[in-house]
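J.: Sharing coords-v3.txt below, compact mmCIF, C-alpha atoms:
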# COMPACT_ATOMS: atom_id res chain seq x y z
CA MET A 1 -16.19 -4.71 -140.40
CA ALA A 2 -12.64 -3.43 -140.60
CA PHE A 3 -9.48 -5.45 -139.97
CA SER A 4 -6.20 -4.15 -138.66
CA ALA A 5 -2.97 -4.80 -140.55
CA ASP A 6 -2.07 -7.69 -138.18
CA GLU A 7 -5.53 -9.22 -138.53
CA LEU A 8 -5.29 -9.01 -142.32
CA ARG A 9 -1.90 -10.73 -142.20
CA VAL A 10 -3.38 -13.56 -140.08
CA LEU A 11 -6.41 -13.82 -142.34
CA ARG A 12 -4.23 -13.99 -145.44
CA ARG A 13 -2.11 -16.77 -143.86
CA ALA A 14 -5.23 -18.70 -142.81
CA LEU A 15 -6.65 -18.50 -146.33
CA ALA A 16 -3.34 -19.62 -147.83
CA ILE A 17 -3.23 -22.59 -145.45
CA ALA A 18 -6.86 -23.44 -146.29
CA LEU A 19 -6.05 -23.45 -150.01
CA HIS A 20 -2.72 -25.30 -149.64
CA PRO A 21 -2.85 -27.41 -146.49
CA ALA A 22 0.39 -27.53 -144.59
CA PRO A 23 1.39 -28.23 -141.00
CA LEU A 24 0.73 -25.24 -138.74
CA GLN A 25 3.01 -23.78 -136.16
CA ASP A 26 1.59 -23.13 -132.69
CA GLU A 27 1.95 -19.39 -133.21
CA ASP A 28 -0.18 -19.54 -136.40
CA VAL A 29 -2.88 -21.52 -134.60
CA GLN A 30 -2.97 -19.01 -131.74
CA ASP A 31 -3.16 -16.10 -134.20
CA CYS A 32 -6.08 -17.74 -136.04
CA LEU A 33 -7.91 -18.40 -132.77
CA ARG A 34 -7.46 -14.78 -131.67
CA LEU A 35 -8.74 -13.56 -135.04
CA ALA A 36 -11.77 -15.84 -134.84
CA GLU A 37 -12.46 -14.55 -131.33
CA SER A 38 -12.22 -10.95 -132.54
CA VAL A 39 -14.58 -11.62 -135.44
CA ASP A 40 -17.07 -13.33 -133.11
CA GLU A 41 -16.95 -10.39 -130.69
CA ALA A 42 -17.47 -7.93 -133.54
CA ALA A 43 -20.49 -9.93 -134.73
CA ARG A 44 -21.95 -9.97 -131.19
CA GLU A 45 -21.38 -6.24 -130.87
CA ALA A 46 -23.07 -5.64 -134.22
CA GLY A 47 -26.07 -7.66 -133.01
CA ARG A 48 -26.25 -5.65 -129.79
CA LEU A 49 -26.01 -2.39 -131.71
CA ARG A 50 -28.75 -3.48 -134.13
CA ALA A 51 -31.03 -4.44 -131.23
CA PHE A 52 -30.39 -1.07 -129.57
CA LEU A 53 -31.13 0.84 -132.79
CA LEU A 54 -34.35 -1.10 -133.39
CA ASP A 55 -35.48 -0.48 -129.80
CA ASP A 56 -34.65 3.21 -130.24
CA LEU A 57 -36.61 3.27 -133.50
CA ALA A 58 -39.62 1.70 -131.74
CA ARG A 59 -39.42 4.32 -128.93
CA TYR A 60 -39.38 7.16 -131.45
CA ARG A 61 -42.25 5.57 -133.39
CA GLU A 62 -44.31 5.33 -130.17
CA ALA A 63 -43.69 9.03 -129.50
CA LEU A 64 -44.91 10.20 -132.90
CA PRO A 65 -45.83 12.79 -134.11
CA GLY A 66 -43.71 14.72 -131.58
CA SER A 67 -40.55 12.82 -132.53
CA LEU A 68 -40.99 13.06 -136.30
CA GLY A 69 -37.51 14.38 -137.11
CA GLY A 70 -35.68 11.85 -134.96
CA TYR A 71 -37.86 8.97 -136.16
CA LEU A 72 -37.26 9.74 -139.83
CA ASP A 73 -33.49 10.01 -139.27
CA LEU A 74 -33.38 6.73 -137.35
CA LEU A 75 -35.50 4.98 -139.96
CA ARG A 76 -33.21 6.21 -142.75
CA ASP A 77 -30.18 4.89 -140.83
CA ALA A 78 -31.90 1.55 -140.19
CA LEU A 79 -32.87 1.20 -143.85
CA ALA A 80 -29.29 1.95 -144.87
CA ALA A 81 -28.15 -0.86 -142.53
CA GLY A 82 -30.48 -3.36 -144.21
CA TYR A 83 -33.57 -3.08 -142.00
CA ASP A 84 -36.82 -4.35 -143.53
CA PRO A 85 -39.61 -1.98 -142.50
CA GLY A 86 -42.45 -3.61 -140.62
CA ALA A 87 -46.18 -3.01 -140.58
CA ASP A 88 -45.76 -0.56 -137.66
CA ASP A 89 -43.34 1.55 -139.68
CA LEU A 90 -45.62 1.59 -142.71
CA ALA A 91 -48.63 2.57 -140.59
CA ALA A 92 -46.68 5.37 -138.89
CA LEU A 93 -45.44 6.72 -142.21
CA ARG A 94 -48.94 6.60 -143.71
CA ALA A 95 -50.21 8.67 -140.79
CA LEU A 96 -47.40 11.20 -141.37
CA ARG A 97 -47.45 11.34 -145.17
CA ARG A 98 -48.30 15.05 -145.16
CA ASN A 99 -44.64 15.60 -144.29
CA ALA A 100 -42.50 15.46 -147.45
CA GLY A 101 -39.76 13.41 -145.76
CA ALA A 102 -42.28 10.91 -144.42
CA ALA A 103 -43.96 10.61 -147.83
CA GLU A 104 -40.60 9.93 -149.50
CA LEU A 105 -39.72 7.32 -146.86
CA LEU A 106 -43.19 5.74 -147.19
CA THR A 107 -42.62 5.17 -150.91
CA ARG A 108 -39.19 3.69 -150.23
CA CYS A 109 -40.44 1.49 -147.37
CA GLN A 110 -43.38 0.17 -149.38
CA ALA A 111 -41.01 -0.87 -152.16
CA LEU A 112 -38.65 -2.54 -149.66
CA ALA A 113 -41.52 -4.32 -147.89
CA GLU A 114 -42.91 -5.59 -151.20
CA ARG A 115 -39.49 -6.83 -152.27
CA SER A 116 -39.04 -8.57 -148.93
CA VAL A 117 -42.42 -10.31 -149.21
CA ARG A 118 -41.68 -11.41 -152.78
CA ALA A 119 -38.30 -12.81 -151.71
CA ARG A 120 -39.91 -14.79 -148.86
CA LEU A 121 -42.56 -16.16 -151.21
CA ALA A 122 -39.88 -17.14 -153.73
CA ARG A 123 -37.96 -19.00 -151.00
CA VAL A 124 -41.11 -20.82 -149.94
CA SER A 125 -41.97 -21.81 -153.50
CA GLN A 126 -38.39 -22.98 -154.09
CA ALA A 127 -38.49 -25.04 -150.92
CA THR A 128 -41.74 -26.70 -151.94
CA ALA A 129 -40.46 -27.29 -155.47
CA ALA A 130 -37.26 -28.81 -154.10
CA ALA A 131 -39.21 -31.31 -152.00
CA PRO A 132 -38.78 -34.82 -153.40
CA ALA A 133 -41.69 -35.77 -155.63
CA SER A 134 -41.39 -39.43 -154.70
CA ALA A 135 -42.18 -38.76 -151.06
CA PRO A 136 -45.55 -40.31 -150.21
CA ARG A 137 -48.21 -37.80 -149.34
CA ALA A 138 -50.02 -38.16 -146.10
CA ARG A 139 -53.62 -39.24 -146.61
CA LEU A 140 -56.12 -36.70 -145.46
CA LEU A 141 -58.83 -38.11 -143.28
CA ALA A 142 -62.25 -36.53 -142.96
CA LEU A 143 -63.40 -35.42 -139.56
CA PRO A 144 -66.46 -37.19 -138.15
CA GLY A 145 -69.73 -35.50 -139.02
CA GLY A 146 -68.64 -34.23 -142.44
CA ARG A 147 -70.15 -35.02 -145.82
CA ALA A 148 -68.09 -38.18 -146.12
CA ALA A 149 -69.58 -39.43 -142.86
CA ALA A 150 -73.11 -39.20 -144.30
CA ASP A 151 -72.15 -41.45 -147.24
CA GLU A 152 -70.63 -44.20 -145.15
CA PRO A 153 -72.83 -46.70 -143.32
CA LYS A 154 -72.79 -46.12 -139.61
CA PRO A 155 -71.24 -48.96 -137.65
CA THR A 156 -73.59 -50.79 -135.34
CA PRO A 157 -72.61 -50.55 -131.73
CA PRO A 158 -71.35 -53.80 -130.23
CA VAL A 159 -73.98 -55.78 -128.40
CA PRO A 160 -73.11 -55.93 -124.74
CA ALA A 161 -73.03 -59.28 -122.98
CA GLU A 162 -76.39 -60.24 -121.52
CA ARG A 163 -76.47 -58.70 -118.12
CA PRO A 164 -79.68 -58.02 -116.28
CA VAL A 165 -80.49 -54.45 -115.68
CA PRO A 166 -80.81 -53.88 -111.92
CA LYS A 167 -84.09 -52.66 -110.54
CA PRO A 168 -84.15 -49.32 -108.81
CA SER A 169 -84.97 -51.06 -105.53
CA GLU A 170 -81.77 -53.10 -105.89
CA VAL A 171 -79.64 -50.07 -106.57
CA PHE A 172 -81.34 -47.85 -104.03
CA PRO A 173 -82.75 -50.02 -101.18
CA PRO A 174 -85.89 -48.65 -99.57
CA ARG A 175 -85.41 -46.49 -96.55
CA ARG A 176 -86.84 -47.73 -93.35
CA ARG A 177 -89.16 -45.39 -91.74
CA PRO A 178 -88.22 -44.42 -88.23
CA VAL A 179 -90.31 -46.17 -85.61
CA PRO A 180 -92.13 -43.63 -83.48
CA PRO A 181 -91.32 -43.83 -79.77
CA PRO A 182 -93.90 -45.67 -77.68
CA PRO A 183 -96.44 -43.57 -75.81
CA PRO A 184 -95.37 -42.54 -72.31
CA GLU A 185 -97.75 -44.91 -70.50
CA GLU A 186 -96.23 -47.96 -72.21
CA ARG A 187 -92.73 -47.06 -71.22
CA VAL A 188 -91.35 -49.40 -68.72
CA ALA A 189 -89.16 -48.06 -66.04
CA GLY A 190 -86.07 -49.91 -66.02
Give the structure from this file in structure tokens form.
T.:
Amino acid sequence: MAFSADELRVLRRALAIALHPAPLQDEDVQDCLRLAESVDEAAREAGRLRAFLLDDLARYREALPGSLGGYLDLLRDALAAGYDPGADDLAALRALRRNAGAAELLTRCQALAERSVRARLARVSQATAAAPASAPRARLLALPGGRAAADEPKPTPPVPAERPVPKPSEVFPPRRRPVPPPPPEERVAG
């Protein structure tokens, strides 16, 4: 990020005020706010540019091997900007290692990926080491049906209150059979 001469002047004044607090004039406050706004906009623009370059890199990677030259150039630029190569990049470079440029980049990317993984592991181990030792550990409970469950006596189910079991005829009353109609001679005309 580059600052103009005016922005450097404002930045220098802001740092001097931060080191030796003094009352600020309205003009100084406005200058600092404008500088902060400019820095924020530059950071947003850098993020947008990075996202565009990574999308472009992915498009070139998808079009391999036809886009070999463009992909290698974009990957070199991304690595120079601090990009950590991913598994897709390593796989693409392995497939293209017959090309001298791809083989050279594969070696470089493998070293960067390994360094990145080691740094993440170091951060994780530092975070776990920094955890307070006095914090109580949560007790692990065995899931039902495991080896611990076989050792423990099984609880007896509670005895239900004495309640008579209904008979099937009480639950499902018998159906009444339909009465057949009387024969025609017994029918009474009404």
J.: Just checking: using all atoms listed in the file, which residue out of A:Arg97, A:Arg12, A:Pro85, A:Ala51 ends up closest to Leu112 of chain A?
T.: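 Selected residue with least distance to Leu112 of chain A: A:Pro85.
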J.: Show me, as AutoDock Vina command-line options, the centre and edge lengths in Å to one decimal of the axis-aligned box that covers every listed atom of segment 80-91 of chain A with 4 Å on each side.
T.:
--center_x -38.4 --center_y -0.9 --center_z -141.3 --size_x 28.5 --size_y 14.9 --size_z 15.2
J.: Excluding same-chain residues fewer than 5 positions from Arg50 of chain A, what lies within 9 Å of it counting all atoms listed in the file, as a list in words?
T.: Glu45, Asp55, Ala78 and Ala81 of chain A
J.: Rounded to one decimal in Å, what is the spacing between atom CA of Gly70 of chain A and atom CA of Leu57 of chain A?
T.: 8.8 Å
J.: Might you pull out every residue within 9 Å of Ala113 of chain A, with all atoms listed in the file counted and same-chain residues fewer than 2 positions away left off, and present them as a PyMOL selection string?
T.: chain A and resi 84-87+90+108-111+115-118
J.: Do a neighbour search on Asp56 of chain A at 12 Å with only C-alpha atoms, toss out local chain neighbours closer than 6 positions, and write the hits as JSON, numbers by chain.
T.: {"A": [49, 50, 62, 63, 67, 70, 71, 72, 73, 74, 75, 77, 78]}
J.: Kindly give the distance, in Å, that separates atom CA of Ala2 of chain A and atom CA of Asp40 of chain A, rounded to a single decimal.
T.: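 Those two atoms sit 13.2 Å apart.
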J.: Give me, please, the distance in Å between atom CA of Phe3 of chain A and atom CA of Ala46 of chain A, quoted to one decimal.
T.: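 Atom-to-atom, atom CA of Phe3 of chain A to atom CA of Ala46 of chain A, that is 14.8 Å.
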